[in-house]
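Shown here: coords-v2.txt, compact mmCIF, C-alpha atoms.
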```
# COMPACT_ATOMS: atom_id res chain seq x y z
CA GLU D 1 24.12 2.19 -34.98
CA ALA D 2 23.11 0.93 -38.42
CA ALA D 3 23.81 -2.74 -37.66
CA PRO D 4 21.59 -3.02 -34.55
CA ALA D 5 18.81 -1.19 -36.38
CA ALA D 6 19.05 -3.63 -39.29
CA GLU D 7 18.94 -6.59 -36.91
CA ALA D 8 15.92 -5.18 -35.08
CA ALA D 9 13.85 -4.63 -38.24
CA PRO D 10 12.80 -8.30 -38.82
CA ALA D 11 11.95 -8.68 -35.12
CA ALA D 12 9.77 -5.56 -35.24
CA GLU D 13 7.96 -6.93 -38.29
CA ALA D 14 7.38 -10.26 -36.51
CA ALA D 15 6.07 -8.37 -33.46
CA ALA D 16 3.54 -6.60 -35.68
CA GLN D 17 2.37 -9.98 -36.99
CA TYR D 18 1.89 -11.33 -33.45
CA GLU D 19 0.03 -8.16 -32.48
CA ASN D 20 -2.27 -8.80 -35.44
CA ILE D 21 -2.84 -12.39 -34.26
CA LEU D 22 -3.89 -11.08 -30.84
CA THR D 23 -6.55 -8.90 -32.46
CA GLN D 24 -8.07 -11.97 -34.11
CA GLN D 25 -8.01 -14.50 -31.28
CA GLN D 26 -7.95 -14.79 -27.53
CA ALA D 27 -4.56 -14.06 -26.02
CA SER D 28 -2.48 -17.09 -25.07
CA SER D 29 0.68 -17.35 -23.00
CA SER D 30 2.64 -18.78 -25.95
CA VAL D 31 1.70 -15.99 -28.38
CA LEU D 32 2.48 -13.32 -25.77
CA PHE D 33 5.80 -15.05 -25.02
CA ASN D 34 6.76 -14.97 -28.71
CA LEU D 35 5.61 -11.37 -28.95
CA GLY D 36 7.79 -10.47 -25.98
CA ASN D 37 10.77 -12.19 -27.59
CA CYS D 38 10.28 -10.16 -30.77
CA TYR D 39 10.10 -6.92 -28.83
CA TYR D 40 13.21 -7.92 -26.88
CA GLU D 41 15.12 -8.59 -30.09
CA SER D 42 14.04 -5.18 -31.43
CA ARG D 43 15.19 -3.60 -28.14
CA ASN D 44 11.70 -2.40 -27.28
CA TYR D 45 12.05 -3.40 -23.63
CA GLY D 46 8.85 -1.70 -22.48
CA LYS D 47 6.66 -3.69 -24.85
CA ALA D 48 8.66 -6.85 -24.14
CA ILE D 49 8.11 -6.55 -20.40
CA LEU D 50 4.41 -5.82 -20.98
CA SER D 51 4.05 -8.96 -23.13
CA TYR D 52 5.84 -11.20 -20.62
CA GLU D 53 3.79 -9.79 -17.73
CA ARG D 54 0.58 -10.50 -19.67
CA ALA D 55 1.78 -14.03 -20.43
CA LEU D 56 2.41 -14.66 -16.72
CA LEU D 57 -1.10 -13.49 -15.86
CA ILE D 58 -2.39 -16.34 -18.01
CA ASN D 59 0.19 -18.93 -16.95
CA PRO D 60 2.24 -17.96 -13.88
CA ARG D 61 4.01 -21.35 -13.99
CA ALA D 62 5.71 -20.61 -17.34
CA ALA D 63 9.38 -20.76 -16.34
CA ASP D 64 10.63 -19.67 -19.79
CA VAL D 65 8.48 -16.54 -19.68
CA ARG D 66 9.69 -15.66 -16.18
CA LYS D 67 13.31 -16.24 -17.24
CA ASN D 68 13.02 -13.93 -20.24
CA LEU D 69 11.25 -11.32 -18.16
CA VAL D 70 14.21 -11.28 -15.76
CA LEU D 71 16.66 -11.00 -18.69
CA THR D 72 14.69 -8.15 -20.20
CA ARG D 73 14.47 -6.22 -16.94
CA LYS D 74 18.22 -6.65 -16.47
CA ALA D 75 18.77 -5.25 -19.96
CA ALA D 76 16.40 -2.33 -19.36
CA PHE D 77 17.50 -1.61 -15.78
CA PRO D 78 21.11 -2.82 -15.31
CA ASN D 79 21.35 -1.37 -11.79
CA GLU D 80 18.00 -2.70 -10.57
CA ALA D 81 17.92 -5.37 -7.86
CA ILE D 82 15.51 -7.93 -9.29
CA ASP D 83 13.58 -10.35 -7.09
CA PHE D 84 11.12 -12.55 -8.93
CA SER D 85 10.73 -15.17 -6.23
CA THR D 86 7.16 -16.40 -5.97
CA GLY D 87 5.23 -18.25 -3.32
CA PRO D 88 2.40 -20.81 -3.45
CA LEU D 89 -0.20 -18.09 -3.96
CA HIS D 90 1.33 -17.39 -7.40
CA THR D 91 1.30 -20.98 -8.65
CA LEU D 92 -2.12 -20.39 -10.23
CA SER D 93 -3.55 -17.45 -12.12
CA ARG D 94 -6.32 -15.44 -10.46
CA SER D 95 -8.92 -17.03 -12.74
CA GLU D 96 -7.62 -20.50 -11.85
CA TRP D 97 -7.86 -19.66 -8.13
CA ALA D 98 -11.44 -18.49 -8.70
CA VAL D 99 -12.31 -21.82 -10.32
CA CYS D 100 -10.61 -23.62 -7.41
CA ILE D 101 -12.70 -21.67 -4.89
CA VAL D 102 -15.96 -22.52 -6.67
CA ALA D 103 -14.99 -26.20 -6.98
CA CYS D 104 -14.04 -26.46 -3.30
CA ALA D 105 -17.22 -24.72 -2.23
CA LEU D 106 -19.24 -27.22 -4.28
CA VAL D 107 -17.34 -30.15 -2.75
CA ILE D 108 -17.97 -28.84 0.76
CA GLY D 109 -21.64 -28.30 -0.02
CA MET D 110 -22.09 -31.76 -1.51
CA SER D 111 -20.21 -33.33 1.40
CA SER D 112 -22.52 -31.61 3.86
CA ILE D 113 -25.60 -32.78 1.99
CA SER D 114 -24.24 -36.33 1.76
CA ALA D 115 -23.48 -36.42 5.48
CA TRP D 116 -27.03 -35.30 6.23
CA LEU D 117 -28.79 -37.65 3.78
CA ARG D 118 -26.59 -40.70 4.32
CA PRO D 119 -25.44 -41.10 7.93
CA SER D 120 -23.24 -44.02 6.86
CA TRP D 121 -21.26 -41.63 4.66
CA ARG D 122 -20.90 -38.99 7.36
CA LYS D 123 -17.30 -39.76 8.36
CA SER D 124 -16.03 -39.83 4.78
CA ALA D 125 -18.04 -36.72 3.87
CA ILE D 126 -16.59 -34.80 6.81
CA ILE D 127 -13.02 -35.78 5.85
CA ILE D 128 -13.58 -34.71 2.24
CA GLY D 129 -15.13 -31.43 3.36
CA VAL D 130 -12.25 -30.66 5.71
CA LEU D 131 -9.67 -31.45 3.01
CA ALA D 132 -11.44 -29.04 0.65
CA LEU D 133 -11.15 -26.23 3.19
CA LEU D 134 -7.37 -25.80 2.69
CA PRO D 135 -7.40 -25.02 -1.06
CA LEU D 136 -10.53 -22.93 -0.48
CA ALA D 137 -8.72 -20.82 2.12
CA LEU D 138 -5.60 -20.54 -0.07
CA GLY D 139 -7.71 -19.40 -3.02
CA ILE D 140 -9.47 -16.71 -1.00
CA LEU D 141 -6.13 -15.52 0.40
CA ALA D 142 -4.54 -15.47 -3.06
CA LEU D 143 -7.33 -13.37 -4.56
CA LYS D 144 -7.24 -11.01 -1.60
CA GLN D 145 -3.47 -10.47 -1.76
CA ARG D 146 -3.33 -10.21 -5.55
CA HIS D 147 -6.36 -7.98 -6.18
CA THR D 148 -4.08 -5.06 -7.15
CA GLU D 149 -2.76 -6.98 -10.17
CA SER D 150 -5.71 -5.71 -12.22
CA SER D 151 -4.48 -2.11 -11.89
CA ARG D 152 -0.81 -2.67 -12.71
CA ALA D 153 0.64 -1.13 -15.87
CA VAL D 154 3.93 -0.85 -17.74
CA VAL D 155 5.45 2.32 -19.13
CA THR D 156 5.80 1.70 -22.88
CA ALA D 157 6.76 5.20 -24.04
CA SER D 158 10.46 5.65 -24.78
CA THR D 159 10.53 8.50 -22.28
CA ALA D 160 7.81 9.31 -19.77
CA LYS D 161 7.68 12.14 -17.26
CA LEU D 162 6.16 11.63 -13.84
CA LEU D 163 4.38 14.92 -13.18
CA LEU D 164 3.37 16.71 -10.01
CA SER D 165 -0.17 17.37 -11.29
CA PRO D 166 -2.33 16.17 -14.22
CA PHE D 167 -1.34 18.94 -16.62
CA ALA D 168 1.20 19.02 -19.45
CA SER D 169 2.75 22.16 -17.94
CA ALA D 170 3.20 20.57 -14.48
CA ASP D 171 6.59 20.21 -12.86
CA GLU D 172 8.43 16.97 -13.50
CA ILE D 173 9.07 14.77 -10.46
CA THR D 174 11.24 12.22 -12.22
CA SER D 175 11.54 10.35 -15.50
CA CYS D 176 10.16 6.84 -15.98
CA PRO D 177 12.19 4.66 -18.35
CA SER D 178 10.39 2.36 -20.74
CA GLY D 179 9.55 -0.88 -18.93
CA SER D 180 8.89 0.73 -15.54
CA LEU D 181 6.19 -1.06 -13.58
CA VAL D 182 3.50 1.14 -12.02
CA GLN D 183 0.29 0.79 -10.00
CA VAL D 184 -2.54 2.91 -11.39
CA LEU D 185 -4.37 4.48 -8.45
CA ARG D 186 -6.86 6.77 -10.19
CA ALA D 187 -7.60 8.64 -13.40
CA GLN D 188 -8.28 12.28 -14.19
CA GLY D 189 -8.92 13.17 -17.80
CA ASP D 190 -5.99 12.00 -19.94
CA TYR D 191 -3.75 11.43 -16.93
CA ARG D 192 -3.28 8.55 -14.54
CA TYR D 193 -2.08 8.91 -10.96
CA VAL D 194 0.43 6.10 -10.47
CA GLN D 195 2.87 4.70 -7.96
CA LEU D 196 6.21 3.48 -9.24
CA LEU D 197 6.98 -0.11 -8.25
CA PRO D 198 8.77 -1.17 -6.15
CA SER D 199 9.47 2.39 -4.93
CA ASN D 200 6.85 4.63 -3.35
CA SER D 201 7.30 7.52 -5.79
CA SER D 202 3.96 8.68 -7.14
CA GLY D 203 2.71 11.23 -9.64
CA TRP D 204 0.84 11.66 -12.90
CA LEU D 205 1.53 10.04 -16.28
CA HIS D 206 -0.27 10.67 -19.55
CA TYR D 207 -2.40 7.66 -20.49
CA SER D 208 -0.52 7.25 -23.79
CA GLU D 209 2.73 6.59 -21.92
CA LEU D 210 1.61 3.37 -20.27
CA GLU D 211 -0.46 0.24 -20.91
CA GLN D 212 -2.46 -1.83 -18.44
CA ILE D 213 -1.10 -5.35 -18.02
CA GLU D 214 -4.59 -6.77 -17.60
CA LYS D 215 -6.81 -5.65 -20.43
```

Please lay out the structure from this file as structure tokens.
Amino acid sequence: EAAPAAEAAPAAEAAAQYENILTQQQASSSVLFNLGNCYYESRNYGKAILSYERALLINPRAADVRKNLVLTRKAAFPNEAIDFSTGPLHTLSRSEWAVCIVACALVIGMSSISAWLRPSWRKSAIIIGVLALLPLALGILALKQRHTESSRAVVTASTAKLLLSPFASADEITSCPSGSLVQVLRAQGDYRYVQLLPSNSSGWLHYSELEQIEK
């Protein structure tokens, strides 16, 4: 036991330094990736998964982040069937899709105005406007399907109890290991009503036992 603890100490110190960096500047995918690596090395899988998830919110195309997230989840949940396959709607972050929607809307608007003011440009303007409709539709669909991302959280406590009601004396439904992914559905006092992902189990967790992925 002493050897792993000794190996984890420098990683924990490095994690604290990266946490300090994040308090002084805007979060970046690279800093969160390094922070996740430090937490992984110190065997703090909950914090590691949280850091990788936050990094992917900023840059969902980061293959190294996704790879390490899979490795960490396998270490934290050896018996879990992991499926991190993503489709075209996850190629951009939600903020990038929002920018895409605004840009496409502007293109369509300018094309319409050009077609009206310059009849000789009408054919080209119509083609450009139609081409802009596809990414516009994809962006709207992506934001609609991924709107729940803002309420996802990760259990970071070493042991967390999913309770039947929002009281410390409530009956325990099940335990939530560190690194468990949950959807926060509502809040009541110091407790959050959550749904465990990917299962449908739901109950109450104390707010100190989890952290929102999207700050």

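Using all atoms listed in the file, the nearest neighbour of Ser208 in chain D within the list D:Gln188, D:Ser111, D:Ser169, D:Thr156 is D:Thr156.
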
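Coordinates place CA of Ala11 in chain D at a distance of 4.9 Å from CA of Cys38 in chain D.
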
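Using all atoms listed in the file, the nearest neighbour of Ser29 in chain D within the list D:Gln17, D:Ser180, D:Asn59, D:Asn44 is D:Asn59.
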
Contact table range 59-103 of chain D vs range 134-140 of chain D, cut-off 7 Å, shortest pair per residue, only C-alpha atoms, as CSV:
```
residue,atom,partner,partner_atom,distance
D:Trp97,CA,D:Gly139,CA,5.1
D:Ala98,CA,D:Gly139,CA,6.9
D:Cys100,CA,D:Gly139,CA,6.7
D:Ile101,CA,D:Leu136,CA,5.1
```

_Need to verify the contact set: Ser95 in chain D, 12 Å, all atoms listed in the file, exclusion of same-chain residues closer than 4 positions in sequence. Can you return it as a list in words?_
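Counting only the stated atoms, we get Leu57, Ile58, Asn59, Pro60, His90, Thr91, Val99, Cys100, Ile101, Val102, Gly139, Ile140, Ala142, Leu143, Arg146, His147 and Ser150 of chain D.
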
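Comparing D:Ala103, D:Ser151, D:Ile21, D:Tyr207 by their smallest distance to Pro166 in chain D, the closest is D:Tyr207 (using all atoms listed in the file).
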
Is it possible to get the residues within 12 Å of (7.0, 11.9, -15.0) (coordinates as in the file, counting all atoms listed in the file) written as a PDB file with C-alpha atoms, in the frame of the given file?
```
ATOM      1  CA  VAL D 155       5.450   2.320 -19.130  1.00  0.00           C
ATOM      2  CA  ALA D 157       6.760   5.200 -24.040  1.00  0.00           C
ATOM      3  CA  THR D 159      10.530   8.500 -22.280  1.00  0.00           C
ATOM      4  CA  ALA D 160       7.810   9.310 -19.770  1.00  0.00           C
ATOM      5  CA  LYS D 161       7.680  12.140 -17.260  1.00  0.00           C
ATOM      6  CA  LEU D 162       6.160  11.630 -13.840  1.00  0.00           C
ATOM      7  CA  LEU D 163       4.380  14.920 -13.180  1.00  0.00           C
ATOM      8  CA  LEU D 164       3.370  16.710 -10.010  1.00  0.00           C
ATOM      9  CA  SER D 165      -0.170  17.370 -11.290  1.00  0.00           C
ATOM     10  CA  PRO D 166      -2.330  16.170 -14.220  1.00  0.00           C
ATOM     11  CA  PHE D 167      -1.340  18.940 -16.620  1.00  0.00           C
ATOM     12  CA  ALA D 168       1.200  19.020 -19.450  1.00  0.00           C
ATOM     13  CA  SER D 169       2.750  22.160 -17.940  1.00  0.00           C
ATOM     14  CA  ALA D 170       3.200  20.570 -14.480  1.00  0.00           C
ATOM     15  CA  ASP D 171       6.590  20.210 -12.860  1.00  0.00           C
ATOM     16  CA  GLU D 172       8.430  16.970 -13.500  1.00  0.00           C
ATOM     17  CA  ILE D 173       9.070  14.770 -10.460  1.00  0.00           C
ATOM     18  CA  THR D 174      11.240  12.220 -12.220  1.00  0.00           C
ATOM     19  CA  SER D 175      11.540  10.350 -15.500  1.00  0.00           C
ATOM     20  CA  CYS D 176      10.160   6.840 -15.980  1.00  0.00           C
ATOM     21  CA  PRO D 177      12.190   4.660 -18.350  1.00  0.00           C
ATOM     22  CA  SER D 178      10.390   2.360 -20.740  1.00  0.00           C
ATOM     23  CA  SER D 180       8.890   0.730 -15.540  1.00  0.00           C
ATOM     24  CA  VAL D 182       3.500   1.140 -12.020  1.00  0.00           C
ATOM     25  CA  TYR D 191      -3.750  11.430 -16.930  1.00  0.00           C
ATOM     26  CA  ARG D 192      -3.280   8.550 -14.540  1.00  0.00           C
ATOM     27  CA  TYR D 193      -2.080   8.910 -10.960  1.00  0.00           C
ATOM     28  CA  VAL D 194       0.430   6.100 -10.470  1.00  0.00           C
ATOM     29  CA  GLN D 195       2.870   4.700  -7.960  1.00  0.00           C
ATOM     30  CA  LEU D 196       6.210   3.480  -9.240  1.00  0.00           C
ATOM     31  CA  SER D 201       7.300   7.520  -5.790  1.00  0.00           C
ATOM     32  CA  SER D 202       3.960   8.680  -7.140  1.00  0.00           C
ATOM     33  CA  GLY D 203       2.710  11.230  -9.640  1.00  0.00           C
ATOM     34  CA  TRP D 204       0.840  11.660 -12.900  1.00  0.00           C
ATOM     35  CA  LEU D 205       1.530  10.040 -16.280  1.00  0.00           C
ATOM     36  CA  HIS D 206      -0.270  10.670 -19.550  1.00  0.00           C
ATOM     37  CA  TYR D 207      -2.400   7.660 -20.490  1.00  0.00           C
ATOM     38  CA  GLU D 209       2.730   6.590 -21.920  1.00  0.00           C
ATOM     39  CA  LEU D 210       1.610   3.370 -20.270  1.00  0.00           C
TER      40      LEU D 210
END
```
